[in-house]
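A.B. asks: This is the structure, below, for whatever I ask next.
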Amino acid sequence: AADHVRAQPQVDARRFAALGFSQGGVFSLLIAAHDPTVRAVVAYYPVTDFEYWLSAPRSRDPIEALVYRVIRWHFKRESGAQDEAEFVRMLHEASPLRQAERIRTPVLLIHGERDTSAGVEESQRLAERLNGLGREVRLMVVEDAPHVFNFKQAQKARAAWDETLDWLARYLR
């Protein structure tokens, strides 16, 4: 996909960034892990560690724990993994946190403080890991904001988008 976009005549391939929301945020981080020419990443409220996320370690609610077990079962079935070990390997490959060593581009993570779909700890853990690796990373936690806040709360969306534009301008000049 990145090669296709870069091949378009109106695209300056030297100024290529990846931006995504939720699952798209996961993809933007993974693209950067596999493509060293990506100059900047902006990831809104991504899941960064699927094994952690699917285990729902934060949940004491039996209904929520059951939901995550069903989601995990579904993911495993759809993955085609032959056994648990293969499925865990797939989860690691799909998890930006587990690919952090390969992410060398500057990363802006934007996450709602009250996100219950992909808790803010997903971005916090990745930011800590990237920071520990000496990477350029910024985490913007949007106060009192849920998952996909930027499609629901105009003021918070504007602040996040302004931060996004500043980040991209900084690294794509």
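All residue names refer to the structure tokens as shown: chains lettered A, B, ... in order, residues numbered from 1 in each chain, ligands numbered from 1 in order.
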Neighbouring residues of range 72-83 of chain A were defined as those with any atom within 10 Å, considering only C-alpha atoms; residues of the same chain fewer than 5 positions away were excluded. Please report them as a list of chain:residue names.
C.D. replies: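 My list of contacting residues is A:Phe50, A:Glu51, A:Trp53, A:Leu54, A:Ser55, A:Leu66, A:Val67, A:Val88, A:Arg89, A:Met90, A:Leu91.
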A.B. asks: How about saving the chosen residues, C-alpha atoms kept, as a PDB file, in the first residue's frame?
C.D. replies:
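Listed below is the output, part-v6.pdb:
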ATOM      1  CA  PHE A  50      -2.762  -7.874  21.477  1.00  0.00           C
ATOM      2  CA  GLU A  51      -1.812 -10.630  23.896  1.00  0.00           C
ATOM      3  CA  TRP A  53      -5.297  -6.637  25.449  1.00  0.00           C
ATOM      4  CA  LEU A  54      -7.002  -9.986  24.847  1.00  0.00           C
ATOM      5  CA  SER A  55      -6.161 -11.239  28.323  1.00  0.00           C
ATOM      6  CA  LEU A  66     -16.010 -13.328  29.074  1.00  0.00           C
ATOM      7  CA  VAL A  67     -16.265 -10.857  26.206  1.00  0.00           C
ATOM      8  CA  VAL A  88       0.849 -16.186  20.273  1.00  0.00           C
ATOM      9  CA  ARG A  89       3.551 -15.664  17.609  1.00  0.00           C
ATOM     10  CA  MET A  90       0.912 -14.081  15.361  1.00  0.00           C
ATOM     11  CA  LEU A  91      -0.251 -11.812  18.190  1.00  0.00           C
TER      12      LEU A  91
END
A.B. asks: Per residue of range 38-78 of chain A within 9 Å of range 95-114 of chain A, note the shortest atom pair and the distance in Å to one decimal, counting only C-alpha atoms, and order the rows by chain and increasing residue number, as a Markdown table.
C.D. replies:
| residue | atom | partner | partner_atom | distance |
| --- | --- | --- | --- | --- |
| A:Val38 | CA | A:Thr105 | CA | 6.7 |
| A:Arg39 | CA | A:Thr105 | CA | 5.8 |
| A:Ala40 | CA | A:Pro106 | CA | 5.1 |
| A:Val41 | CA | A:Val107 | CA | 4.8 |
| A:Val42 | CA | A:Leu108 | CA | 4.7 |
| A:Ala43 | CA | A:Leu109 | CA | 5.0 |
| A:Tyr44 | CA | A:Ile110 | CA | 4.7 |
| A:Tyr45 | CA | A:His111 | CA | 4.5 |
| A:Pro46 | CA | A:His111 | CA | 7.9 |
| A:Val47 | CA | A:Ser95 | CA | 7.6 |
| A:Thr48 | CA | A:Pro96 | CA | 5.0 |
| A:Asp49 | CA | A:Ser95 | CA | 4.7 |
| A:Phe50 | CA | A:Ser95 | CA | 5.8 |
| A:Glu51 | CA | A:Ser95 | CA | 8.1 |
A.B. asks: Just N, CA and C atoms for this one: save the residues we selected as a short mmCIF file (atom, residue, chain, number, x, y, z; two decimals), in the first residue's frame.
C.D. replies:
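In the end it all went to again-v9.cif:
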data_model
loop_
_atom_site.label_atom_id
_atom_site.label_comp_id
_atom_site.auth_asym_id
_atom_site.auth_seq_id
_atom_site.Cartn_x
_atom_site.Cartn_y
_atom_site.Cartn_z
N VAL A 38 9.34 5.70 6.29
CA VAL A 38 8.25 6.46 6.91
C VAL A 38 8.90 7.50 7.82
N ARG A 39 8.55 8.76 7.61
CA ARG A 39 9.21 9.85 8.34
C ARG A 39 8.54 10.22 9.64
N ALA A 40 7.25 9.85 9.81
CA ALA A 40 6.54 10.16 11.04
C ALA A 40 5.30 9.27 11.13
N VAL A 41 4.86 9.04 12.36
CA VAL A 41 3.65 8.25 12.61
C VAL A 41 2.77 9.01 13.58
N VAL A 42 1.47 8.96 13.31
CA VAL A 42 0.47 9.42 14.28
C VAL A 42 -0.52 8.27 14.43
N ALA A 43 -0.66 7.79 15.66
CA ALA A 43 -1.57 6.67 15.93
C ALA A 43 -2.55 7.08 17.02
N TYR A 44 -3.81 7.13 16.63
CA TYR A 44 -4.88 7.46 17.57
C TYR A 44 -5.40 6.17 18.20
N TYR A 45 -5.40 6.11 19.50
CA TYR A 45 -5.97 5.04 20.35
C TYR A 45 -5.79 3.62 19.81
N PRO A 46 -4.53 3.23 19.54
CA PRO A 46 -4.30 1.87 19.04
C PRO A 46 -4.22 0.83 20.16
N VAL A 47 -4.50 -0.41 19.81
CA VAL A 47 -4.09 -1.54 20.65
C VAL A 47 -2.63 -1.77 20.28
N THR A 48 -1.75 -1.84 21.26
CA THR A 48 -0.33 -1.99 20.96
C THR A 48 0.22 -3.35 21.36
N ASP A 49 -0.52 -4.10 22.16
CA ASP A 49 -0.08 -5.43 22.59
C ASP A 49 -1.31 -6.33 22.64
N PHE A 50 -1.54 -7.08 21.57
CA PHE A 50 -2.76 -7.87 21.48
C PHE A 50 -2.86 -8.97 22.52
N GLU A 51 -1.75 -9.58 22.87
CA GLU A 51 -1.81 -10.63 23.90
C GLU A 51 -2.28 -10.04 25.23
#
A.B. asks: Please report the interatomic distance between CA of Trp167 in chain A and CA of Glu143 in chain A in Å with one decimal.
C.D. replies: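 If I compute the distance from CA of Trp167 in chain A to CA of Glu143 in chain A, I get 19.5 Å.
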A.B. asks: For a quick check of understanding, using only C-alpha atoms, which of A:Ala13, A:Leu29, A:Val120, A:Ala169 has the smallest distance to His147 in chain A?
C.D. replies: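 Comparing A:Ala13, A:Leu29, A:Val120, A:Ala169 against His147 in chain A, the winner is A:Val120.
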A.B. asks: Report the distance between CA of His92 in chain A and CA of Tyr171 in chain A in Å, rounded to one decimal place.
C.D. replies: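 Pair CA of His92 in chain A / CA of Tyr171 in chain A returns 28.3 Å.
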A.B. asks: Could you please write out, as a list of chain:residue names, every residue of range 15-87 of chain A that DSSP assigns to strand (DSSP E or B)?
C.D. replies: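 The strand (DSSP E or B) residues within range 15-87 of chain A come out as A:Ala17, A:Ala18, A:Leu19, A:Gly20, A:Phe21, A:Ala40, A:Val41, A:Val42, A:Ala43, A:Tyr44.
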A.B. asks: Using only C-alpha atoms, pick whichever of A:Val26, A:Gly119, A:Leu126, A:Phe16 has the shortest atom-to-atom distance to Asp3 in chain A.
C.D. replies: A:Phe16
A.B. asks: Could you tell me which of A:Thr116, A:Ala2, A:Leu168, A:Glu84 comes closest to Asp144 in chain A if we count only C-alpha atoms?
C.D. replies: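 The shortest atom-to-atom distance to Asp144 in chain A comes from A:Thr116.
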A.B. asks: Once DSSP has gone over the backbone, tell me which residues of range 1-150 of chain A are in helix (DSSP H, G or I), as an MDAnalysis selection string.
C.D. replies: chainID A and resid 2:6 23:34 50:55 62:79 84:93 96:102 121:132 149:150
A.B. asks: Identify which of the residues A:Ser28, A:Phe149, A:Asp12, A:Leu139 lies closest to Glu122 in chain A, counting only C-alpha atoms when measuring atom-to-atom distances.
C.D. replies: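 Among the listed residues, A:Leu139 lies closest to Glu122 in chain A.
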